[in-house]
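Undergrad: Just so it is clear, I am handing over entry.cif, which has mmCIF, C-alpha atoms, pLDDT in the B column; chains and numbers go by the auth columns.
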```cif
data_final
#
loop_
_atom_site.group_PDB
_atom_site.id
_atom_site.type_symbol
_atom_site.label_atom_id
_atom_site.label_comp_id
_atom_site.label_asym_id
_atom_site.label_seq_id
_atom_site.Cartn_x
_atom_site.Cartn_y
_atom_site.Cartn_z
_atom_site.B_iso_or_equiv
_atom_site.auth_seq_id
_atom_site.auth_asym_id
ATOM 1 C CA MET A 1 94.741 122.998 109.323 43.00 1161 K
ATOM 2 C CA LYS A 2 96.496 121.591 106.283 46.00 1162 K
ATOM 3 C CA LYS A 3 97.282 118.365 108.130 47.00 1163 K
ATOM 4 C CA THR A 4 93.648 117.916 109.152 46.00 1164 K
ATOM 5 C CA ALA A 5 92.454 118.422 105.594 44.00 1165 K
ATOM 6 C CA LYS A 6 94.886 115.793 104.345 44.00 1166 K
ATOM 7 C CA LYS A 7 93.753 113.334 106.994 44.00 1167 K
ATOM 8 C CA MET A 8 90.119 113.870 106.044 42.00 1168 K
ATOM 9 C CA VAL A 9 90.893 113.352 102.383 42.00 1169 K
ATOM 10 C CA LYS A 10 92.645 110.103 103.170 42.00 1170 K
ATOM 11 C CA LYS A 11 89.817 108.844 105.338 42.00 1171 K
ATOM 12 C CA GLU A 12 87.029 109.723 102.956 40.00 1172 K
ATOM 13 C CA CYS A 13 88.473 109.229 99.522 42.00 1173 K
ATOM 14 C CA CYS A 14 90.754 106.258 99.379 45.00 1174 K
ATOM 15 C CA CYS A 15 90.421 102.661 100.373 58.00 1175 K
ATOM 16 C CA CYS A 16 91.949 99.437 99.379 68.00 1176 K
ATOM 17 C CA GLY A 17 89.836 97.061 97.297 65.00 1177 K
ATOM 18 C CA GLY A 18 86.757 95.661 98.979 67.00 1178 K
ATOM 19 C CA GLN A 19 83.093 95.837 98.107 75.00 1179 K
ATOM 20 C CA VAL A 20 82.064 99.347 97.208 89.00 1180 K
ATOM 21 C CA ARG A 21 78.645 100.749 96.384 95.00 1181 K
ATOM 22 C CA MET A 22 79.197 104.010 94.538 96.00 1182 K
ATOM 23 C CA ILE A 23 76.731 106.861 94.791 98.00 1183 K
ATOM 24 C CA PHE A 24 76.426 109.465 92.071 98.00 1184 K
ATOM 25 C CA PRO A 25 74.154 112.397 92.902 98.00 1185 K
ATOM 26 C CA CYS A 26 73.202 114.806 90.129 98.00 1186 K
ATOM 27 C CA SER A 27 74.240 117.706 92.411 97.00 1187 K
ATOM 28 C CA GLY A 28 72.189 120.046 90.243 97.00 1188 K
ATOM 29 C CA GLY A 29 71.627 123.739 90.822 97.00 1189 K
ATOM 30 C CA SER A 30 68.097 123.491 92.255 97.00 1190 K
ATOM 31 C CA ASP A 31 66.967 122.581 95.751 98.00 1191 K
ATOM 32 C CA VAL A 32 66.392 118.961 94.746 98.00 1192 K
ATOM 33 C CA GLY A 33 69.856 118.877 93.133 98.00 1193 K
ATOM 34 C CA GLU A 34 71.406 120.070 96.356 98.00 1194 K
ATOM 35 C CA LEU A 35 69.404 117.509 98.302 98.00 1195 K
ATOM 36 C CA THR A 36 70.858 114.695 96.175 98.00 1196 K
ATOM 37 C CA ASP A 37 74.347 116.017 96.901 98.00 1197 K
ATOM 38 C CA GLN A 38 73.785 116.352 100.646 98.00 1198 K
ATOM 39 C CA ALA A 39 72.165 112.934 100.859 98.00 1199 K
ATOM 40 C CA ALA A 40 75.047 111.286 98.958 98.00 1200 K
ATOM 41 C CA ARG A 41 77.511 112.853 101.392 98.00 1201 K
ATOM 42 C CA GLN A 42 75.437 111.716 104.364 98.00 1202 K
ATOM 43 C CA LEU A 43 75.095 108.176 102.990 98.00 1203 K
ATOM 44 C CA THR A 44 78.889 108.112 102.619 96.00 1204 K
ATOM 45 C CA LYS A 45 79.331 109.233 106.220 97.00 1205 K
ATOM 46 C CA ASP A 46 76.840 106.558 107.291 96.00 1206 K
ATOM 47 C CA GLY A 47 78.976 103.955 105.533 95.00 1207 K
ATOM 48 C CA TRP A 48 76.166 102.923 103.181 96.00 1208 K
ATOM 49 C CA GLY A 49 78.287 103.637 100.096 96.00 1209 K
ATOM 50 C CA LYS A 50 80.773 106.089 98.693 94.00 1210 K
ATOM 51 C CA MET A 51 79.890 109.262 96.882 96.00 1211 K
ATOM 52 C CA TYR A 52 81.940 109.631 93.726 95.00 1212 K
ATOM 53 C CA CYS A 53 82.477 112.317 91.104 95.00 1213 K
ATOM 54 C CA LEU A 54 79.892 112.354 88.350 97.00 1214 K
ATOM 55 C CA ALA A 55 81.869 115.088 86.571 97.00 1215 K
ATOM 56 C CA GLY A 56 84.905 112.793 86.299 95.00 1216 K
ATOM 57 C CA VAL A 57 82.767 110.125 84.647 97.00 1217 K
ATOM 58 C CA ALA A 58 81.129 112.717 82.381 97.00 1218 K
ATOM 59 C CA ALA A 59 84.579 113.849 81.290 96.00 1219 K
ATOM 60 C CA HIS A 60 85.470 110.215 80.536 95.00 1220 K
ATOM 61 C CA LEU A 61 88.615 110.471 82.641 94.00 1221 K
ATOM 62 C CA LYS A 62 90.196 107.034 82.763 93.00 1222 K
ATOM 63 C CA GLY A 63 90.819 107.008 86.496 93.00 1223 K
ATOM 64 C CA PHE A 64 87.199 107.740 87.248 94.00 1224 K
ATOM 65 C CA LEU A 65 85.907 105.225 84.710 96.00 1225 K
ATOM 66 C CA GLU A 66 88.156 102.439 85.975 94.00 1226 K
ATOM 67 C CA THR A 67 87.252 103.140 89.592 93.00 1227 K
ATOM 68 C CA THR A 68 83.558 103.118 88.723 95.00 1228 K
ATOM 69 C CA LYS A 69 84.009 99.767 86.966 94.00 1229 K
ATOM 70 C CA SER A 70 85.237 98.312 90.241 91.00 1230 K
ATOM 71 C CA ALA A 71 81.997 99.199 92.057 94.00 1231 K
ATOM 72 C CA THR A 72 79.796 96.355 93.178 93.00 1232 K
ATOM 73 C CA GLU A 73 76.741 98.568 92.763 96.00 1233 K
ATOM 74 C CA ILE A 74 76.239 101.969 91.164 97.00 1234 K
ATOM 75 C CA VAL A 75 73.450 104.193 92.460 98.00 1235 K
ATOM 76 C CA ALA A 76 72.412 107.361 90.636 98.00 1236 K
ATOM 77 C CA ILE A 77 70.372 109.890 92.595 98.00 1237 K
ATOM 78 C CA ASP A 78 68.587 112.368 90.357 98.00 1238 K
ATOM 79 C CA GLY A 79 66.843 115.470 91.613 98.00 1239 K
ATOM 80 C CA CYS A 80 64.312 115.740 88.793 97.00 1240 K
ATOM 81 C CA PRO A 81 62.958 113.830 85.788 97.00 1241 K
ATOM 82 C CA ALA A 82 65.764 115.158 83.545 97.00 1242 K
ATOM 83 C CA ALA A 83 67.748 112.308 85.176 98.00 1243 K
ATOM 84 C CA CYS A 84 71.157 113.790 84.341 98.00 1244 K
ATOM 85 C CA ALA A 85 73.093 111.520 86.709 98.00 1245 K
ATOM 86 C CA SER A 86 71.532 108.330 85.347 98.00 1246 K
ATOM 87 C CA LYS A 87 71.983 109.432 81.747 98.00 1247 K
ATOM 88 C CA THR A 88 75.588 110.521 82.299 98.00 1248 K
ATOM 89 C CA LEU A 89 76.420 107.098 83.707 98.00 1249 K
ATOM 90 C CA GLN A 90 74.588 105.361 80.877 98.00 1250 K
ATOM 91 C CA HIS A 91 76.534 107.412 78.311 97.00 1251 K
ATOM 92 C CA ALA A 92 79.676 106.013 79.904 97.00 1252 K
ATOM 93 C CA SER A 93 78.267 102.463 79.501 97.00 1253 K
ATOM 94 C CA PHE A 94 77.337 101.921 83.131 97.00 1254 K
ATOM 95 C CA SER A 95 74.009 100.543 84.334 97.00 1255 K
ATOM 96 C CA PRO A 96 73.141 102.401 87.513 97.00 1256 K
ATOM 97 C CA ARG A 97 70.304 101.646 89.857 96.00 1257 K
ATOM 98 C CA THR A 98 68.309 104.842 89.855 97.00 1258 K
ATOM 99 C CA VAL A 99 66.492 106.988 92.367 97.00 1259 K
ATOM 100 C CA ASN A 100 64.520 110.036 91.284 97.00 1260 K
ATOM 101 C CA LEU A 101 63.471 112.543 93.901 98.00 1261 K
ATOM 102 C CA LYS A 102 60.243 113.406 92.116 97.00 1262 K
ATOM 103 C CA GLU A 103 59.097 109.827 92.546 95.00 1263 K
ATOM 104 C CA LEU A 104 59.845 110.146 96.245 95.00 1264 K
ATOM 105 C CA GLY A 105 57.722 113.268 96.580 96.00 1265 K
ATOM 106 C CA PHE A 106 60.479 115.886 96.539 97.00 1266 K
ATOM 107 C CA LEU A 107 59.417 118.510 94.027 97.00 1267 K
ATOM 108 C CA LYS A 108 61.680 121.100 92.443 96.00 1268 K
ATOM 109 C CA GLY A 109 61.327 124.497 94.101 96.00 1269 K
ATOM 110 C CA GLU A 110 59.306 123.006 96.947 96.00 1270 K
ATOM 111 C CA SER A 111 61.935 120.945 98.751 97.00 1271 K
ATOM 112 C CA PRO A 112 63.982 123.022 101.177 97.00 1272 K
ATOM 113 C CA VAL A 113 67.465 121.761 101.908 97.00 1273 K
ATOM 114 C CA HIS A 114 67.585 121.112 105.613 97.00 1274 K
ATOM 115 C CA SER A 115 68.818 118.246 107.707 97.00 1275 K
ATOM 116 C CA ARG A 116 65.366 116.716 108.152 97.00 1276 K
ATOM 117 C CA ASN A 117 64.844 116.425 104.403 97.00 1277 K
ATOM 118 C CA VAL A 118 68.374 115.110 103.907 98.00 1278 K
ATOM 119 C CA ARG A 119 67.804 112.433 106.556 97.00 1279 K
ATOM 120 C CA ARG A 120 64.416 111.534 105.104 97.00 1280 K
ATOM 121 C CA LEU A 121 65.908 111.217 101.644 98.00 1281 K
ATOM 122 C CA CYS A 122 68.710 108.994 102.920 98.00 1282 K
ATOM 123 C CA THR A 123 66.179 106.674 104.534 97.00 1283 K
ATOM 124 C CA LEU A 124 64.073 106.558 101.373 97.00 1284 K
ATOM 125 C CA VAL A 125 67.088 105.838 99.157 97.00 1285 K
ATOM 126 C CA LYS A 126 68.119 102.930 101.380 96.00 1286 K
ATOM 127 C CA GLN A 127 64.569 101.558 101.474 94.00 1287 K
ATOM 128 C CA LEU A 128 64.107 101.877 97.725 93.00 1288 K
ATOM 129 C CA MET A 129 67.385 100.143 96.957 91.00 1289 K
ATOM 130 C CA GLU A 130 66.569 97.334 99.365 88.00 1290 K
ATOM 131 C CA GLU A 131 63.176 96.869 97.700 86.00 1291 K
ATOM 132 C CA LYS A 132 64.769 96.852 94.253 77.00 1292 K
ATOM 133 C CA ASN A 133 67.446 94.418 95.392 73.00 1293 K
ATOM 134 C CA GLY A 134 64.846 92.238 97.077 65.00 1294 K
ATOM 135 C CA MET B 1 110.345 102.707 77.668 92.00 20 O
ATOM 136 C CA LYS B 2 107.027 101.913 79.370 94.00 21 O
ATOM 137 C CA LYS B 3 106.325 103.689 82.595 97.00 22 O
ATOM 138 C CA ILE B 4 104.361 101.411 84.907 97.00 23 O
ATOM 139 C CA GLN B 5 102.886 103.114 87.963 97.00 24 O
ATOM 140 C CA ILE B 6 101.485 101.213 90.909 97.00 25 O
ATOM 141 C CA LEU B 7 98.981 103.399 92.718 96.00 26 O
ATOM 142 C CA GLY B 8 98.543 102.443 96.329 94.00 27 O
ATOM 143 C CA THR B 9 99.716 103.179 99.808 89.00 28 O
ATOM 144 C CA GLY B 10 101.580 99.908 100.200 87.00 29 O
ATOM 145 C CA CYS B 11 99.079 97.266 101.287 88.00 30 O
ATOM 146 C CA PRO B 12 99.484 93.580 100.322 90.00 31 O
ATOM 147 C CA LYS B 13 97.231 94.042 97.277 90.00 32 O
ATOM 148 C CA CYS B 14 99.436 96.880 96.021 92.00 33 O
ATOM 149 C CA LYS B 15 102.507 94.688 96.442 93.00 34 O
ATOM 150 C CA LYS B 16 100.830 91.831 94.583 95.00 35 O
ATOM 151 C CA LEU B 17 99.895 94.187 91.761 96.00 36 O
ATOM 152 C CA ALA B 18 103.502 95.386 91.548 96.00 37 O
ATOM 153 C CA GLU B 19 104.720 91.777 91.380 97.00 38 O
ATOM 154 C CA ASN B 20 102.228 90.886 88.659 97.00 39 O
ATOM 155 C CA ALA B 21 103.017 94.015 86.648 97.00 40 O
ATOM 156 C CA GLU B 22 106.727 93.351 86.841 96.00 41 O
ATOM 157 C CA ALA B 23 106.239 89.722 85.813 97.00 42 O
ATOM 158 C CA ALA B 24 104.059 90.788 82.878 97.00 43 O
ATOM 159 C CA ALA B 25 106.601 93.341 81.661 97.00 44 O
ATOM 160 C CA LYS B 26 109.419 90.814 81.942 96.00 45 O
ATOM 161 C CA GLU B 27 107.490 88.103 80.101 96.00 46 O
ATOM 162 C CA LEU B 28 106.854 90.557 77.269 96.00 47 O
ATOM 163 C CA GLY B 29 110.513 91.528 77.255 96.00 48 O
ATOM 164 C CA LEU B 30 109.620 95.194 77.621 95.00 49 O
ATOM 165 C CA GLU B 31 111.911 97.954 78.655 96.00 50 O
ATOM 166 C CA TYR B 32 110.111 99.443 81.599 96.00 51 O
ATOM 167 C CA GLU B 33 110.321 101.622 84.646 97.00 52 O
ATOM 168 C CA LEU B 34 108.207 100.599 87.644 97.00 53 O
ATOM 169 C CA VAL B 35 107.196 103.430 89.939 97.00 54 O
ATOM 170 C CA LYS B 36 105.258 103.039 93.171 96.00 55 O
ATOM 171 C CA VAL B 37 103.037 106.031 93.814 96.00 56 O
ATOM 172 C CA THR B 38 102.260 105.912 97.530 94.00 57 O
ATOM 173 C CA ASN B 39 101.376 109.502 98.349 93.00 58 O
ATOM 174 C CA ILE B 40 97.615 109.701 98.731 90.00 59 O
ATOM 175 C CA ASN B 41 97.333 113.095 97.059 91.00 60 O
ATOM 176 C CA ASP B 42 99.383 111.922 94.087 93.00 61 O
ATOM 177 C CA ILE B 43 97.154 108.837 93.824 93.00 62 O
ATOM 178 C CA MET B 44 94.042 110.973 93.896 89.00 63 O
ATOM 179 C CA ASN B 45 95.387 113.083 91.066 91.00 64 O
ATOM 180 C CA PHE B 46 94.872 110.019 88.867 93.00 65 O
ATOM 181 C CA GLY B 47 91.163 110.198 89.734 90.00 66 O
ATOM 182 C CA ILE B 48 90.992 106.827 91.390 91.00 67 O
ATOM 183 C CA MET B 49 89.192 106.264 94.657 86.00 68 O
ATOM 184 C CA ILE B 50 89.777 102.565 95.122 89.00 69 O
ATOM 185 C CA THR B 51 93.280 101.193 95.337 91.00 70 O
ATOM 186 C CA PRO B 52 95.296 99.459 94.136 94.00 71 O
ATOM 187 C CA GLY B 53 95.512 101.065 90.734 95.00 72 O
ATOM 188 C CA LEU B 54 97.705 100.537 87.723 97.00 73 O
ATOM 189 C CA ALA B 55 98.696 103.230 85.244 97.00 74 O
ATOM 190 C CA VAL B 56 100.743 102.717 82.108 97.00 75 O
ATOM 191 C CA ASP B 57 102.449 105.764 80.644 96.00 76 O
ATOM 192 C CA GLY B 58 100.247 107.930 82.832 94.00 77 O
ATOM 193 C CA GLU B 59 96.929 106.364 81.817 94.00 78 O
ATOM 194 C CA VAL B 60 94.920 104.470 84.430 95.00 79 O
ATOM 195 C CA LYS B 61 94.278 100.908 83.290 96.00 80 O
ATOM 196 C CA VAL B 62 92.662 99.417 86.342 94.00 81 O
ATOM 197 C CA SER B 63 91.476 100.437 89.782 93.00 82 O
ATOM 198 C CA GLY B 64 90.283 98.503 92.808 91.00 83 O
ATOM 199 C CA LYS B 65 91.500 95.069 91.826 89.00 84 O
ATOM 200 C CA VAL B 66 94.598 93.030 91.143 94.00 85 O
ATOM 201 C CA PRO B 67 94.614 91.776 87.564 95.00 86 O
ATOM 202 C CA SER B 68 96.481 88.608 86.630 97.00 87 O
ATOM 203 C CA VAL B 69 99.814 88.633 84.819 97.00 88 O
ATOM 204 C CA GLU B 70 98.036 87.702 81.586 97.00 89 O
ATOM 205 C CA GLU B 71 95.536 90.542 81.982 97.00 90 O
ATOM 206 C CA ILE B 72 98.316 93.033 82.650 97.00 91 O
ATOM 207 C CA LYS B 73 100.187 91.855 79.568 96.00 92 O
ATOM 208 C CA LYS B 74 97.222 92.986 77.448 96.00 93 O
ATOM 209 C CA MET B 75 97.292 96.361 79.170 95.00 94 O
ATOM 210 C CA LEU B 76 100.967 96.800 78.438 95.00 95 O
ATOM 211 C CA LEU B 77 100.711 96.125 74.717 88.00 96 O
#
```
Could you render the structure as structure tokens?
TA:
Amino acid sequence: MKKTAKKMVKKECCCCGGQVRMIFPCSGGSDVGELTDQAARQLTKDGWGKMYCLAGVAAHLKGFLETTKSATEIVAIDGCPAACASKTLQHASFSPRTVNLKELGFLKGESPVHSRNVRRLCTLVKQLMEEKNG
Amino acid sequence: MKKIQILGTGCPKCKKLAENAEAAAKELGLEYELVKVTNINDIMNFGIMITPGLAVDGEVKVSGKVPSVEEIKKMLL
């Protein structure tokens, strides 16, 4: 069990150099917050980017800040208009590309966290970023 | 004495970073100890996700790239 956990950590959390798009979900306490978290994890599994720790950036921990600096693109996914993820990154002098779930039609208290919504959100995030990049 | 830590599992980039860090410390005439941190869990304890990383006296200076000797010199001062 312990060995498996270590292997997973290695596979998901560390890589050498390369081009990395970092994803920072707000991971807030509401349904939309949870959706951002689940979608960031799914986007990481899909290989679209890598979810990273917003709390580490908020705490201004050097390791997290330096790793974030090495990102080729920073994407903040916020569950609601409070935009905590975007603002946290901006406080740490980063300029994230932003996605807000309200603008995508996911409303707080009305967006159940299930796989269909997570998948839909992932698709919308990818589309929105492509449009913004285009 | 400066403690220079190279954070990486041992890929060519990590080795290049170690070379550059050593060259920078020597050019500055510093007393230093170079430590290669290769255990993935120990690396993650520094909070970095992208290797290689460089820490000086326990503080992460860079992650995910190999700085030049001149750039590392500034980090060591």
Undergrad: Hey, what comes out of the PyMOL selection byres ((chain O) within 6 of (chain K)) on this file? Could you write it as a list in words?
TA: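 Residues picked by the PyMOL selection byres ((chain O) within 6 of (chain K)): Phe65, Gly66, Ile67, Met68, Ile69, Thr70, Val79, Val81, Ser82 and Gly83 of chain O.
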Undergrad: Have a look at K:Glu1194, K:Ser1253, K:Val1285, K:Val1278 and name the one nearest to K:Trp1208; count all atoms listed in the file.
TA: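 Result for the nearest residue to K:Trp1208: K:Val1285.
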Undergrad: Measuring atom to atom with all atoms listed in the file, identify which of K:Leu1261, K:Met1289, K:Leu1284, K:Val1273 is nearest to K:Ala1242.
TA: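 Under the stated criterion, the closest residue is K:Leu1261.
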Undergrad: So which one's closest to O:Ile59, O:Gly72, O:Gly77, O:Pro86, O:Pro31? Using all atoms listed in the file, please.
TA: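 Closest candidate: O:Gly72.
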Undergrad: Record the distance separating atom CA of K:Gln1250 and atom CA of K:Met1182, expressed in Å with one decimal.
TA: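 Separating atom CA of K:Gln1250 from atom CA of K:Met1182 is a distance of 14.5 Å.
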Undergrad: Between O:Val88, O:Met63, O:Leu73, O:Leu49, which has the minimum distance to O:Lys21 (counting all atoms listed in the file)?
TA: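 Smallest separation from O:Lys21 among the options: O:Leu49.
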Undergrad: Could you expand the PyMOL selection byres ((chain K and resi 1293) around 12) into the explicit residues it covers here, written as an MDAnalysis selection string?
TA: chainID K and resid 1233 1235 1257:1258 1286:1292 1294
Undergrad: Given the file shown, enumerate the residues that the PyMOL selection byres ((chain K and resi 1260) around 8) captures and present them as an mmCIF file with C-alpha atoms, in the frame of the given file.
TA:
```cif
data_model
loop_
_atom_site.group_PDB
_atom_site.id
_atom_site.type_symbol
_atom_site.label_atom_id
_atom_site.label_comp_id
_atom_site.auth_asym_id
_atom_site.auth_seq_id
_atom_site.Cartn_x
_atom_site.Cartn_y
_atom_site.Cartn_z
ATOM 1 C CA ILE K 1237 70.372 109.890 92.595
ATOM 2 C CA ASP K 1238 68.587 112.368 90.357
ATOM 3 C CA GLY K 1239 66.843 115.470 91.613
ATOM 4 C CA CYS K 1240 64.312 115.740 88.793
ATOM 5 C CA PRO K 1241 62.958 113.830 85.788
ATOM 6 C CA ALA K 1243 67.748 112.308 85.176
ATOM 7 C CA THR K 1258 68.309 104.842 89.855
ATOM 8 C CA VAL K 1259 66.492 106.988 92.367
ATOM 9 C CA LEU K 1261 63.471 112.543 93.901
ATOM 10 C CA LYS K 1262 60.243 113.406 92.116
ATOM 11 C CA GLU K 1263 59.097 109.827 92.546
ATOM 12 C CA LEU K 1264 59.845 110.146 96.245
#
```
Undergrad: Quick one: pull the distance between atom CA of O:Cys30 and atom CA of K:Ile1183, Å, one decimal.
TA: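 Between these atoms lies a distance of 25.2 Å.
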Undergrad: My list of candidates is O:Leu96, O:Leu53, O:Pro71, O:Glu89. Which is closest to O:Lys35 when distances are computed with all atoms listed in the file?
TA: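 Smallest distance to O:Lys35 is found for O:Pro71.
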Undergrad: Which protein, DNA or RNA residues have an atom at most 7 Å from (73.7, 118.5, 85.3), counting only C-alpha atoms? List them as a list in words.
TA: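 Residues with an atom at most 7 Å from (73.7, 118.5, 85.3): Cys1186, Gly1188 and Cys1244 of chain K.
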Undergrad: Between atom CA of K:Lys1268 and atom CA of K:Leu1249, measure the distance and give it in Å to one decimal.
TA: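 Separation of atom CA of K:Lys1268 and atom CA of K:Leu1249: 22.1 Å.
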Undergrad: Kindly provide, as a VMD selection string, the polymer residues lying within 6 Å of (104.7, 100.0, 84.5), counting only C-alpha atoms and using the coordinates exactly as they appear in the file.
TA: chain O and resid 21 to 24 52 to 53 75
Undergrad: Using all atoms listed in the file, which residue out of O:Met20, O:Ala40, O:Ile62, O:Cys33 lies closest to O:Lys92?
TA: O:Ala40
Undergrad: What's the 9 Å shell around K:Leu1195, counting only C-alpha atoms, without same-chain residues fewer than 3 positions away, as number ranges by chain?
TA: K: 1185, 1187-1188, 1190-1192, 1198-1200, 1239, 1261, 1271-1274, 1277-1278, 1281
Undergrad: Residues within 9 Å of O:Ser87, please, as a ChimeraX atom specification. Count only C-alpha atoms; anything in the same chain fewer than 6 positions from it doesn't count.
TA: /O:36,39-40,43
